[in-house]
Protein chains: 2
Amino acid sequence: MQSSAQPLRVVSFGLGPIGLAAARLAHSKRNLELVGAIDIDPDLVGHDVGEAWGDSPCGITVSNDASTLQALAPDVVIHCTSSFLPVVIGQLTAITGARCNVVSSTEELLWPTLEHADLARRLDVAASEAGVSVLGTGVNPGFVMDTLPAFCSAACAEIERVVCKRHLDAAKRRLPFQRKIGAGLSVAEFQERAEKLGHIGLRESIALLGTACGFDLDRIEQTTEPVVAQYALATEHLEIAAGDVRGIRNAGVGARGNEVLVEIELVMTVGCEESFDEARIVGDPGLHLRMEGGTHGDRATAAMLVNAIPGIVAAPAGLRTMLDVPVPHLVR
Amino acid sequence: MQSSAQPLRVVSFGLGPIGLAAARLAHSKRNLELVGAIDIDPDLVGHDVGEAWGDSPCGITVSNDASTLQALAPDVVIHCTSSFLPVVIGQLTAITGARCNVVSSTEELLWPTLEHADLARRLDVAASEAGVSVLGTGVNPGFVMDTLPAFCSAACAEIERVVCKRHLDAAKRRLPFQRKIGAGLSVAEFQERAEKLGHIGLRESIALLGTACGFDLDRIEQTTEPVVAQYALATEHLEIAAGDVRGIRNAGVGARGNEVLVEIELVMTVGCEESFDEARIVGDPGLHLRMEGGTHGDRATAAMLVNAIPGIVAAPAGLRTMLDVPVPHLVR
């Protein structure tokens, strides 16, 4: 993959913060060639995508017309528009219809059969018929709390239970991220909006990890609660009064009957004392994996999308998951 | 893989401590069926392999005749005989000649082209012609200092350098392992035997990791030095006087020109204060991975061999590496 004579042709579809970072990264790789950029944002359409990511022009104008894919004929589309499969299914089938492989940051696509078995089947058929493959990935979901501990399970003879934790400091993240975790809200405001706050994909992470460990889960549950500031805090973007919310705790369990087999805890706060990712595999041998200092959500997700490209281009046609593709690694 | 209707048929070839542990583990898995066991050890031949691993008989008699493979027709052979490809090439081509896939603990097979490009080509041709695939794996080499950090590289946009460390306590390991690290020797004795002591596969780990990170290494070097006991120490198996050797430090570097891009340090001692595996990826974002308490070499290697089976059975024919197969995970 490192020495392919011809760079793989890439189009970026969706130019929010992650999509733009992925497009920029793809453009920087000698084994990839960014050949197009698609978004509907009127502030971007018609402008050079290099300027959109803050550099000099790179000769690629942002288009709002997905039908240009046919003419661009990329090997792969980096798709970053929405977290939810029902929202993106039309986009994805349009992309596969143009015979392009897809790596997508759509969180529900990490384990698409969990919530949307019908849409997953439809997408699998569409991709198979077009002879291309589709993968949902990222860093969370996609890596730290699912595929990484799944890979570690291969070093175990037997596994009883897996417990994953991700604690991250939101103080230096972008404002939309701080809003997403409820920072600065009162507890009452948080409770009102709880359904729309926090992380998407936690259930999908549990499903992937549960499958990798052969747990045959029959129940996946998720809770969302506020983390309250004991003292006043401030970030570059907002102020948090003592007693207000400084972040969120998303917790999930995967169980079979009364047995809890997978536990995931995601705590994203302003004023987090220690950022880390952790997976404890209770088994023989047991494993205790730590990512000290954590894994940067946005930058690592852009990287994972780009680094997954050679694997999904080479994969058999159809809807794939991170458990189907060869161990991804850095693309130069 | 978890729900394949028919268990995969497995033969264990080589019944030393790792091979026997892998055979026993394969026998315990509902998705695998141990159907044969092969070794030349006269103490084992003709005996039930279940008794060899310390349980009641399981109905499989150890044979010293590799030609029985043809009749047994397993899907895969777990091969655990020697660390060196020139020693095992005849065994491996006999196994592929019987149209069996292979997972092997042969350390040099992790990255076979490094030292033995000709043998690797020969094995690749033999496997391809037979329509089967061959993989070298284990926990070290195979996981903690190569494929695991290689996978983590996928969460990075750019990588400058990777530094891996594995420190492990040999105090409770088997006597042959304690001998392998020189424990109990005088420093002079250690120096005399240094070439035969320590770890095999460190260079192969560097080659795999260097390839995954796209480093184009042009030089891989390795050093071996004794770790000397400051105080007298004793294990169940041997005594170590102050001033004698309590273990070994194997270090390796992978470089391109004057630039050191991969560093690996493996310290295996009696009286190790803290067992751990660690990988630091210097890059954007940087990552600092720790396996707290380390990863048990023997048990995890047996597990990795067994858990790699579904992937290598499904892989395209030929000689494969850990970078070619889907992310391995626990087999039930």
# chains A, B, ... in the order shown; residues from 1 in each chain; ligands from 1
call {"tool": "residues_around", "arguments": {"residues": "stretch 169-182 of chain A", "least_positions_apart": "6", "cutoff": "10 Å", "atoms": "only C-alpha atoms", "output": "number ranges by chain"}}
result
A: 17, 189-191, 193-194, 196-199, 225-227, 233-238, 244-250, 267-276, 293-294, 296-298
call {"tool": "write_last_selection", "arguments": {"atoms": "C-alpha atoms", "output": "CSV table (one decimal), in the first residue's frame"}}
result
chain,number,residue,atom,x,y,z
A,17,PRO,CA,-14.4,20.4,10.7
A,189,GLU,CA,-31.3,22.8,30.8
A,190,PHE,CA,-29.1,19.8,30.4
A,191,GLN,CA,-31.9,17.4,31.4
A,193,ARG,CA,-31.8,18.6,26.1
A,194,ALA,CA,-30.2,15.4,27.3
A,196,LYS,CA,-29.6,15.7,21.9
A,197,LEU,CA,-26.4,15.9,24.0
A,198,GLY,CA,-23.3,13.7,24.1
A,199,HIS,CA,-21.8,11.1,22.0
A,225,GLU,CA,-25.9,12.4,32.9
A,226,PRO,CA,-24.4,15.8,33.5
A,227,VAL,CA,-21.1,16.3,35.3
A,233,LEU,CA,-14.6,27.4,35.1
A,234,ALA,CA,-14.0,29.2,31.9
A,235,THR,CA,-12.8,28.2,28.4
A,236,GLU,CA,-11.8,30.3,25.5
A,237,HIS,CA,-15.4,30.0,24.3
A,238,LEU,CA,-17.7,30.0,27.4
A,244,ASP,CA,-23.8,24.4,36.3
A,245,VAL,CA,-22.8,21.6,33.9
A,246,ARG,CA,-19.1,21.2,32.9
A,247,GLY,CA,-19.6,18.1,30.8
A,248,ILE,CA,-21.3,14.8,30.2
A,249,ARG,CA,-21.0,11.2,31.2
A,250,ASN,CA,-22.3,8.7,28.7
A,267,VAL,CA,-16.7,11.3,30.3
A,268,MET,CA,-16.2,14.5,28.3
A,269,THR,CA,-15.7,17.6,30.5
A,270,VAL,CA,-14.2,21.0,30.8
A,271,GLY,CA,-11.8,20.7,33.7
A,272,CYS,CA,-11.0,17.0,33.2
A,273,GLU,CA,-8.0,16.2,35.4
A,274,GLU,CA,-6.6,13.4,33.3
A,275,SER,CA,-7.4,12.6,29.7
A,276,PHE,CA,-7.0,8.9,28.9
A,293,GLY,CA,-3.2,11.5,27.6
A,294,GLY,CA,-6.0,10.1,25.5
A,296,HIS,CA,-7.5,13.4,20.1
A,297,GLY,CA,-11.0,13.0,18.8
A,298,ASP,CA,-11.0,15.2,15.7
call {"tool": "closest_atom_pairs", "arguments": {"of": "chain B", "to": "chain A", "cutoff": "6 Å", "atoms": "only C-alpha atoms", "output": "JSON lines"}}
result
{"residue": "B:Ala150", "atom": "CA", "partner": "A:His329", "partner_atom": "CA", "distance": 5.7}
{"residue": "B:Phe151", "atom": "CA", "partner": "A:His329", "partner_atom": "CA", "distance": 5.3}
{"residue": "B:Ser153", "atom": "CA", "partner": "A:His329", "partner_atom": "CA", "distance": 5.2}
{"residue": "B:Ala154", "atom": "CA", "partner": "A:His329", "partner_atom": "CA", "distance": 4.2}
{"residue": "B:Ala155", "atom": "CA", "partner": "A:Ala300", "partner_atom": "CA", "distance": 4.7}
{"residue": "B:Cys156", "atom": "CA", "partner": "A:Ala303", "partner_atom": "CA", "distance": 5.4}
{"residue": "B:Ala157", "atom": "CA", "partner": "A:Ala303", "partner_atom": "CA", "distance": 4.7}
{"residue": "B:Ala212", "atom": "CA", "partner": "A:His329", "partner_atom": "CA", "distance": 5.6}
{"residue": "B:Cys213", "atom": "CA", "partner": "A:Leu330", "partner_atom": "CA", "distance": 5.3}
{"residue": "B:His288", "atom": "CA", "partner": "A:Glu292", "partner_atom": "CA", "distance": 5.4}
{"residue": "B:Leu289", "atom": "CA", "partner": "A:Met291", "partner_atom": "CA", "distance": 4.6}
{"residue": "B:Arg290", "atom": "CA", "partner": "A:Arg290", "partner_atom": "CA", "distance": 5.1}
{"residue": "B:Met291", "atom": "CA", "partner": "A:Leu289", "partner_atom": "CA", "distance": 4.6}
{"residue": "B:Glu292", "atom": "CA", "partner": "A:His288", "partner_atom": "CA", "distance": 5.4}
{"residue": "B:Ala300", "atom": "CA", "partner": "A:Ala155", "partner_atom": "CA", "distance": 4.7}
{"residue": "B:Ala303", "atom": "CA", "partner": "A:Ala157", "partner_atom": "CA", "distance": 4.7}
{"residue": "B:Met304", "atom": "CA", "partner": "A:Ala155", "partner_atom": "CA", "distance": 5.0}
{"residue": "B:Asn307", "atom": "CA", "partner": "A:Ala154", "partner_atom": "CA", "distance": 5.5}
{"residue": "B:Leu323", "atom": "CA", "partner": "A:Val327", "partner_atom": "CA", "distance": 5.6}
{"residue": "B:Asp324", "atom": "CA", "partner": "A:Pro326", "partner_atom": "CA", "distance": 5.4}
{"residue": "B:Val325", "atom": "CA", "partner": "A:Pro326", "partner_atom": "CA", "distance": 4.8}
{"residue": "B:Pro326", "atom": "CA", "partner": "A:Pro326", "partner_atom": "CA", "distance": 3.8}
{"residue": "B:Val327", "atom": "CA", "partner": "A:Val327", "partner_atom": "CA", "distance": 5.1}
{"residue": "B:Pro328", "atom": "CA", "partner": "A:Ala154", "partner_atom": "CA", "distance": 5.7}
{"residue": "B:His329", "atom": "CA", "partner": "A:Ala154", "partner_atom": "CA", "distance": 4.2}
{"residue": "B:Leu330", "atom": "CA", "partner": "A:Ala154", "partner_atom": "CA", "distance": 4.9}
call {"tool": "atom_distance", "arguments": {"atom1": "atom CA of B:Pro57", "atom2": "atom CA of B:Glu33"}}
result
15.1 Å
call {"tool": "residues_around", "arguments": {"residues": "stretch 253-262 of chain B", "least_positions_apart": "6", "cutoff": "7 Å", "atoms": "only C-alpha atoms", "output": "list in words"}}
result
Glu160, Arg161, Val162, Val163, Ile206, Gly210, Asp216, Leu217, Asp218, Arg219, Ile220, Glu221 and Gln222 of chain B
call {"tool": "select_by_dssp", "arguments": {"residues": "stretch 119-221 of chain B", "states": "helix (DSSP H, G or I)", "output": "PyMOL selection string"}}
result
chain B and resi 119-130+147-155+175-180+187-196+202-212
call {"tool": "write_last_selection", "arguments": {"atoms": "N, CA and C atoms", "output": "compact mmCIF listing (two decimals), in the first residue's frame"}}
result
# COMPACT_ATOMS: atom_id res chain seq x y z
N LEU B 119 13.42 -17.88 0.48
CA LEU B 119 12.53 -18.87 1.11
C LEU B 119 11.10 -18.33 1.16
N ALA B 120 10.97 -17.03 1.40
CA ALA B 120 9.64 -16.43 1.46
C ALA B 120 8.95 -16.56 0.11
N ARG B 121 9.71 -16.33 -0.96
CA ARG B 121 9.12 -16.44 -2.30
C ARG B 121 8.69 -17.89 -2.56
N ARG B 122 9.59 -18.82 -2.17
CA ARG B 122 9.29 -20.23 -2.38
C ARG B 122 8.02 -20.65 -1.63
N LEU B 123 7.91 -20.17 -0.40
CA LEU B 123 6.74 -20.52 0.41
C LEU B 123 5.48 -19.86 -0.15
N ASP B 124 5.61 -18.64 -0.62
CA ASP B 124 4.48 -17.93 -1.21
C ASP B 124 3.97 -18.68 -2.44
N VAL B 125 4.90 -19.12 -3.28
CA VAL B 125 4.52 -19.87 -4.48
C VAL B 125 3.85 -21.18 -4.09
N ALA B 126 4.46 -21.89 -3.13
CA ALA B 126 3.91 -23.19 -2.71
C ALA B 126 2.49 -23.02 -2.16
N ALA B 127 2.30 -22.00 -1.31
CA ALA B 127 0.99 -21.77 -0.72
C ALA B 127 -0.02 -21.34 -1.78
N SER B 128 0.41 -20.46 -2.67
CA SER B 128 -0.50 -19.97 -3.72
C SER B 128 -0.95 -21.12 -4.61
N GLU B 129 0.00 -21.97 -5.00
CA GLU B 129 -0.35 -23.09 -5.87
C GLU B 129 -1.30 -24.06 -5.19
N ALA B 130 -1.13 -24.20 -3.87
CA ALA B 130 -2.01 -25.12 -3.13
C ALA B 130 -3.33 -24.47 -2.75
N THR B 147 2.40 -5.27 15.51
CA THR B 147 1.08 -5.07 14.90
C THR B 147 0.20 -4.13 15.72
N LEU B 148 0.31 -4.19 17.05
CA LEU B 148 -0.51 -3.28 17.88
C LEU B 148 -0.12 -1.81 17.64
N PRO B 149 1.16 -1.44 17.77
CA PRO B 149 1.49 -0.05 17.42
C PRO B 149 1.23 0.27 15.95
N ALA B 150 1.35 -0.74 15.06
CA ALA B 150 1.03 -0.50 13.64
C ALA B 150 -0.43 -0.07 13.50
N PHE B 151 -1.32 -0.77 14.21
CA PHE B 151 -2.74 -0.40 14.16
C PHE B 151 -2.94 1.01 14.73
N CYS B 152 -2.25 1.30 15.83
CA CYS B 152 -2.38 2.64 16.42
C CYS B 152 -1.92 3.73 15.46
N SER B 153 -1.00 3.39 14.56
CA SER B 153 -0.53 4.39 13.58
C SER B 153 -1.67 4.91 12.72
N ALA B 154 -2.75 4.11 12.61
CA ALA B 154 -3.89 4.53 11.80
C ALA B 154 -4.64 5.71 12.42
N ALA B 155 -4.40 5.98 13.70
CA ALA B 155 -5.04 7.13 14.35
C ALA B 155 -4.17 8.38 14.26
N LEU B 175 11.67 -22.68 33.26
CA LEU B 175 13.14 -22.69 33.30
C LEU B 175 13.77 -22.44 31.93
N PRO B 176 13.29 -23.07 30.85
CA PRO B 176 13.92 -22.80 29.55
C PRO B 176 13.88 -21.32 29.20
N PHE B 177 12.82 -20.63 29.62
CA PHE B 177 12.74 -19.20 29.37
C PHE B 177 13.79 -18.46 30.19
N GLN B 178 13.94 -18.84 31.46
CA GLN B 178 14.94 -18.19 32.31
C GLN B 178 16.35 -18.43 31.76
N ARG B 179 16.57 -19.62 31.22
CA ARG B 179 17.87 -19.90 30.60
C ARG B 179 18.06 -19.06 29.34
N LYS B 180 16.98 -18.90 28.59
CA LYS B 180 17.06 -18.16 27.32
C LYS B 180 17.49 -16.71 27.54
N VAL B 187 28.68 -12.91 33.92
CA VAL B 187 28.70 -11.98 32.79
C VAL B 187 29.57 -12.54 31.66
N ALA B 188 30.68 -13.19 32.04
CA ALA B 188 31.57 -13.77 31.01
C ALA B 188 30.86 -14.88 30.25
N GLU B 189 30.16 -15.75 30.99
CA GLU B 189 29.40 -16.81 30.32
C GLU B 189 28.35 -16.22 29.38
N PHE B 190 27.69 -15.17 29.86
CA PHE B 190 26.66 -14.51 29.04
C PHE B 190 27.28 -14.02 27.73
N GLN B 191 28.42 -13.34 27.86
CA GLN B 191 29.04 -12.76 26.65
C GLN B 191 29.42 -13.86 25.66
N GLU B 192 29.91 -14.99 26.19
CA GLU B 192 30.27 -16.11 25.31
C GLU B 192 29.07 -16.62 24.51
N ARG B 193 27.93 -16.67 25.21
CA ARG B 193 26.75 -17.27 24.57
C ARG B 193 25.79 -16.23 24.00
N ALA B 194 26.20 -14.97 24.03
CA ALA B 194 25.25 -13.89 23.75
C ALA B 194 24.47 -14.11 22.45
N GLU B 195 25.14 -14.69 21.46
CA GLU B 195 24.48 -14.86 20.17
C GLU B 195 23.28 -15.79 20.26
N LYS B 196 23.35 -16.71 21.22
CA LYS B 196 22.26 -17.70 21.32
C LYS B 196 21.22 -17.31 22.37
N LEU B 202 12.97 -9.65 16.91
CA LEU B 202 12.99 -8.21 17.14
C LEU B 202 13.20 -7.45 15.83
N ARG B 203 14.09 -7.96 15.00
CA ARG B 203 14.32 -7.31 13.71
C ARG B 203 13.06 -7.38 12.84
N GLU B 204 12.37 -8.52 12.92
CA GLU B 204 11.14 -8.67 12.14
C GLU B 204 10.06 -7.70 12.64
N SER B 205 9.99 -7.50 13.97
CA SER B 205 9.04 -6.52 14.51
C SER B 205 9.33 -5.13 13.96
N ILE B 206 10.61 -4.78 13.93
CA ILE B 206 10.99 -3.46 13.42
C ILE B 206 10.60 -3.32 11.95
N ALA B 207 10.82 -4.40 11.18
CA ALA B 207 10.50 -4.35 9.75
C ALA B 207 9.00 -4.18 9.53
N LEU B 208 8.19 -4.92 10.30
CA LEU B 208 6.74 -4.80 10.15
C LEU B 208 6.28 -3.39 10.52
N LEU B 209 6.74 -2.93 11.68
CA LEU B 209 6.30 -1.61 12.16
C LEU B 209 6.80 -0.50 11.24
N GLY B 210 8.03 -0.65 10.76
CA GLY B 210 8.57 0.34 9.83
C GLY B 210 7.77 0.40 8.54
N THR B 211 7.35 -0.77 8.05
CA THR B 211 6.54 -0.80 6.84
C THR B 211 5.18 -0.16 7.09
N ALA B 212 4.56 -0.51 8.23
CA ALA B 212 3.24 0.04 8.55
C ALA B 212 3.29 1.56 8.63
call {"tool": "closest_residue", "arguments": {"among": "A:Val102, A:Ala71, A:Ile264, A:Ile18", "to": "A:Gly252", "atoms": "only C-alpha atoms"}}
result
A:Ile264
call {"tool": "select_by_dssp", "arguments": {"residues": "stretch 50-187 of chain B", "states": "strand (DSSP E)", "output": "short mmCIF file (atom, residue, chain, number, x, y, z; two decimals) with all heavy atoms, in the first residue's frame"}}
result
data_model
loop_
_atom_site.label_atom_id
_atom_site.label_comp_id
_atom_site.auth_asym_id
_atom_site.auth_seq_id
_atom_site.Cartn_x
_atom_site.Cartn_y
_atom_site.Cartn_z
N VAL B 62 -0.96 -38.55 19.51
CA VAL B 62 0.14 -37.82 18.88
C VAL B 62 0.84 -38.73 17.87
O VAL B 62 1.21 -39.86 18.20
CB VAL B 62 1.15 -37.31 19.93
CG1 VAL B 62 2.31 -36.59 19.24
CG2 VAL B 62 0.47 -36.40 20.94
N SER B 63 0.99 -38.21 16.66
CA SER B 63 1.67 -38.95 15.60
C SER B 63 2.98 -38.25 15.25
O SER B 63 3.11 -37.04 15.40
CB SER B 63 0.77 -39.00 14.36
OG SER B 63 1.52 -39.39 13.23
N VAL B 76 -6.72 -25.95 8.89
CA VAL B 76 -5.56 -25.16 9.30
C VAL B 76 -4.65 -25.99 10.20
O VAL B 76 -5.12 -26.86 10.95
CB VAL B 76 -6.01 -23.87 10.02
CG1 VAL B 76 -6.71 -24.18 11.33
CG2 VAL B 76 -4.87 -22.90 10.24
N VAL B 77 -3.36 -25.71 10.09
CA VAL B 77 -2.37 -26.32 10.97
C VAL B 77 -1.77 -25.23 11.85
O VAL B 77 -1.36 -24.17 11.35
CB VAL B 77 -1.26 -27.01 10.15
CG1 VAL B 77 -0.09 -27.41 11.05
CG2 VAL B 77 -1.83 -28.23 9.44
N ILE B 78 -1.76 -25.47 13.16
CA ILE B 78 -1.03 -24.59 14.08
C ILE B 78 0.38 -25.14 14.17
O ILE B 78 0.58 -26.26 14.64
CB ILE B 78 -1.67 -24.57 15.47
CG1 ILE B 78 -3.13 -24.11 15.40
CG2 ILE B 78 -0.87 -23.66 16.40
CD1 ILE B 78 -3.86 -24.21 16.75
N HIS B 79 1.35 -24.36 13.69
CA HIS B 79 2.72 -24.83 13.54
C HIS B 79 3.62 -24.14 14.57
O HIS B 79 3.73 -22.91 14.58
CB HIS B 79 3.19 -24.53 12.11
CG HIS B 79 4.65 -24.77 11.89
ND1 HIS B 79 5.60 -23.78 12.02
CD2 HIS B 79 5.32 -25.91 11.56
CE1 HIS B 79 6.79 -24.29 11.78
NE2 HIS B 79 6.65 -25.57 11.49
N ASN B 101 -4.04 -24.52 5.39
CA ASN B 101 -3.60 -23.20 5.81
C ASN B 101 -2.71 -23.36 7.05
O ASN B 101 -2.79 -24.37 7.75
CB ASN B 101 -4.80 -22.32 6.15
CG ASN B 101 -5.71 -22.11 4.97
OD1 ASN B 101 -5.38 -21.37 4.05
ND2 ASN B 101 -6.86 -22.77 4.97
N VAL B 102 -1.89 -22.34 7.33
CA VAL B 102 -0.94 -22.43 8.44
C VAL B 102 -0.94 -21.15 9.26
O VAL B 102 -0.84 -20.05 8.70
CB VAL B 102 0.51 -22.65 7.94
CG1 VAL B 102 1.46 -22.87 9.12
CG2 VAL B 102 0.60 -23.80 6.95
N VAL B 103 -1.04 -21.28 10.58
CA VAL B 103 -0.61 -20.20 11.49
C VAL B 103 0.60 -20.74 12.23
O VAL B 103 0.56 -21.85 12.76
CB VAL B 103 -1.70 -19.74 12.48
CG1 VAL B 103 -2.80 -18.98 11.79
CG2 VAL B 103 -2.26 -20.90 13.28
N SER B 104 1.67 -19.95 12.25
CA SER B 104 2.93 -20.45 12.77
C SER B 104 3.51 -19.49 13.79
O SER B 104 3.41 -18.27 13.65
CB SER B 104 3.93 -20.64 11.63
OG SER B 104 5.21 -20.95 12.14
N SER B 133 -3.12 -20.33 2.66
CA SER B 133 -2.35 -19.17 3.10
C SER B 133 -1.58 -19.48 4.38
O SER B 133 -1.94 -20.38 5.13
CB SER B 133 -3.27 -17.96 3.28
OG SER B 133 -4.44 -18.32 3.98
N VAL B 134 -0.51 -18.73 4.59
CA VAL B 134 0.43 -18.98 5.68
C VAL B 134 0.67 -17.66 6.41
O VAL B 134 0.89 -16.62 5.78
CB VAL B 134 1.78 -19.50 5.14
CG1 VAL B 134 2.79 -19.70 6.27
CG2 VAL B 134 1.59 -20.79 4.35
N LEU B 135 0.63 -17.71 7.74
CA LEU B 135 0.83 -16.50 8.55
C LEU B 135 1.73 -16.80 9.73
O LEU B 135 1.54 -17.80 10.43
CB LEU B 135 -0.53 -16.01 9.09
CG LEU B 135 -0.51 -14.80 10.02
CD1 LEU B 135 -0.19 -13.53 9.25
CD2 LEU B 135 -1.85 -14.65 10.74
N GLY B 136 2.72 -15.94 9.97
CA GLY B 136 3.50 -16.01 11.20
C GLY B 136 2.96 -15.00 12.19
O GLY B 136 2.79 -13.83 11.85
N GLU B 158 0.35 12.05 10.87
CA GLU B 158 1.76 11.96 10.48
C GLU B 158 2.54 11.32 11.62
O GLU B 158 2.16 11.48 12.79
CB GLU B 158 2.34 13.36 10.20
CG GLU B 158 1.71 14.07 9.01
CD GLU B 158 1.87 13.34 7.68
OE1 GLU B 158 2.78 12.48 7.59
OE2 GLU B 158 1.09 13.60 6.76
N ILE B 159 3.61 10.63 11.30
CA ILE B 159 4.44 9.98 12.32
C ILE B 159 5.90 10.27 12.04
O ILE B 159 6.38 10.11 10.91
CB ILE B 159 4.19 8.45 12.34
CG1 ILE B 159 2.73 8.18 12.74
CG2 ILE B 159 5.15 7.75 13.29
CD1 ILE B 159 2.37 6.71 12.79
N GLU B 160 6.60 10.70 13.09
CA GLU B 160 8.03 10.96 12.96
C GLU B 160 8.87 9.77 13.39
O GLU B 160 9.93 9.49 12.84
CB GLU B 160 8.44 12.13 13.86
CG GLU B 160 7.98 13.48 13.38
CD GLU B 160 8.23 14.53 14.45
OE1 GLU B 160 9.28 14.46 15.13
OE2 GLU B 160 7.36 15.40 14.63
N ARG B 161 8.39 9.08 14.46
CA ARG B 161 9.24 8.09 15.10
C ARG B 161 8.36 7.22 16.01
O ARG B 161 7.36 7.70 16.53
CB ARG B 161 10.26 8.83 15.97
CG ARG B 161 11.53 8.08 16.25
CD ARG B 161 12.61 9.00 16.82
NE ARG B 161 12.40 9.29 18.22
CZ ARG B 161 12.10 10.48 18.72
NH1 ARG B 161 11.94 11.52 17.93
NH2 ARG B 161 11.95 10.64 20.01
N VAL B 162 8.74 5.98 16.21
CA VAL B 162 8.02 5.11 17.13
C VAL B 162 9.03 4.46 18.08
O VAL B 162 10.09 4.00 17.64
CB VAL B 162 7.24 4.00 16.39
CG1 VAL B 162 6.43 3.17 17.37
CG2 VAL B 162 6.32 4.60 15.33
N VAL B 163 8.69 4.45 19.36
CA VAL B 163 9.56 3.86 20.37
C VAL B 163 8.74 2.84 21.17
O VAL B 163 7.74 3.20 21.78
CB VAL B 163 10.12 4.93 21.33
CG1 VAL B 163 11.06 4.29 22.35
CG2 VAL B 163 10.85 6.03 20.54
N CYS B 164 9.16 1.58 21.14
CA CYS B 164 8.43 0.52 21.85
C CYS B 164 9.30 -0.05 22.96
O CYS B 164 10.50 -0.26 22.76
CB CYS B 164 8.06 -0.61 20.90
SG CYS B 164 6.98 -0.14 19.58
N LYS B 165 8.67 -0.34 24.08
CA LYS B 165 9.38 -1.00 25.18
C LYS B 165 8.54 -2.15 25.71
O LYS B 165 7.33 -2.02 25.83
CB LYS B 165 9.62 -0.02 26.34
CG LYS B 165 10.60 1.07 26.00
CD LYS B 165 10.88 1.94 27.21
CE LYS B 165 11.80 3.07 26.79
NZ LYS B 165 12.27 3.85 27.92
N ARG B 166 9.23 -3.22 26.03
CA ARG B 166 8.57 -4.34 26.71
C ARG B 166 9.50 -4.76 27.83
O ARG B 166 10.64 -5.17 27.58
CB ARG B 166 8.34 -5.48 25.73
CG ARG B 166 7.75 -6.76 26.34
CD ARG B 166 7.28 -7.68 25.23
NE ARG B 166 6.95 -9.03 25.62
CZ ARG B 166 5.78 -9.42 26.16
NH1 ARG B 166 4.85 -8.52 26.40
NH2 ARG B 166 5.56 -10.68 26.46
N HIS B 167 9.02 -4.61 29.05
CA HIS B 167 9.78 -5.04 30.23
C HIS B 167 8.99 -6.17 30.86
O HIS B 167 7.80 -6.00 31.16
CB HIS B 167 9.93 -3.90 31.23
CG HIS B 167 10.94 -2.87 30.80
ND1 HIS B 167 11.66 -2.11 31.69
CD2 HIS B 167 11.36 -2.49 29.57
CE1 HIS B 167 12.47 -1.30 31.03
NE2 HIS B 167 12.30 -1.49 29.74
N LEU B 168 9.64 -7.30 31.06
CA LEU B 168 8.86 -8.39 31.66
C LEU B 168 9.65 -9.14 32.71
O LEU B 168 10.87 -9.27 32.65
CB LEU B 168 8.29 -9.31 30.59
CG LEU B 168 9.17 -10.20 29.75
CD1 LEU B 168 9.47 -11.50 30.49
CD2 LEU B 168 8.45 -10.53 28.46
N ASP B 169 8.90 -9.60 33.68
CA ASP B 169 9.46 -10.31 34.83
C ASP B 169 9.52 -11.80 34.52
O ASP B 169 8.49 -12.43 34.30
CB ASP B 169 8.56 -10.06 36.05
CG ASP B 169 9.17 -10.66 37.30
OD1 ASP B 169 10.32 -11.16 37.23
OD2 ASP B 169 8.51 -10.63 38.35
#
call {"tool": "atom_distance", "arguments": {"atom1": "atom CA of A:Ala73", "atom2": "atom CA of A:Val35"}}
result
9.0 Å
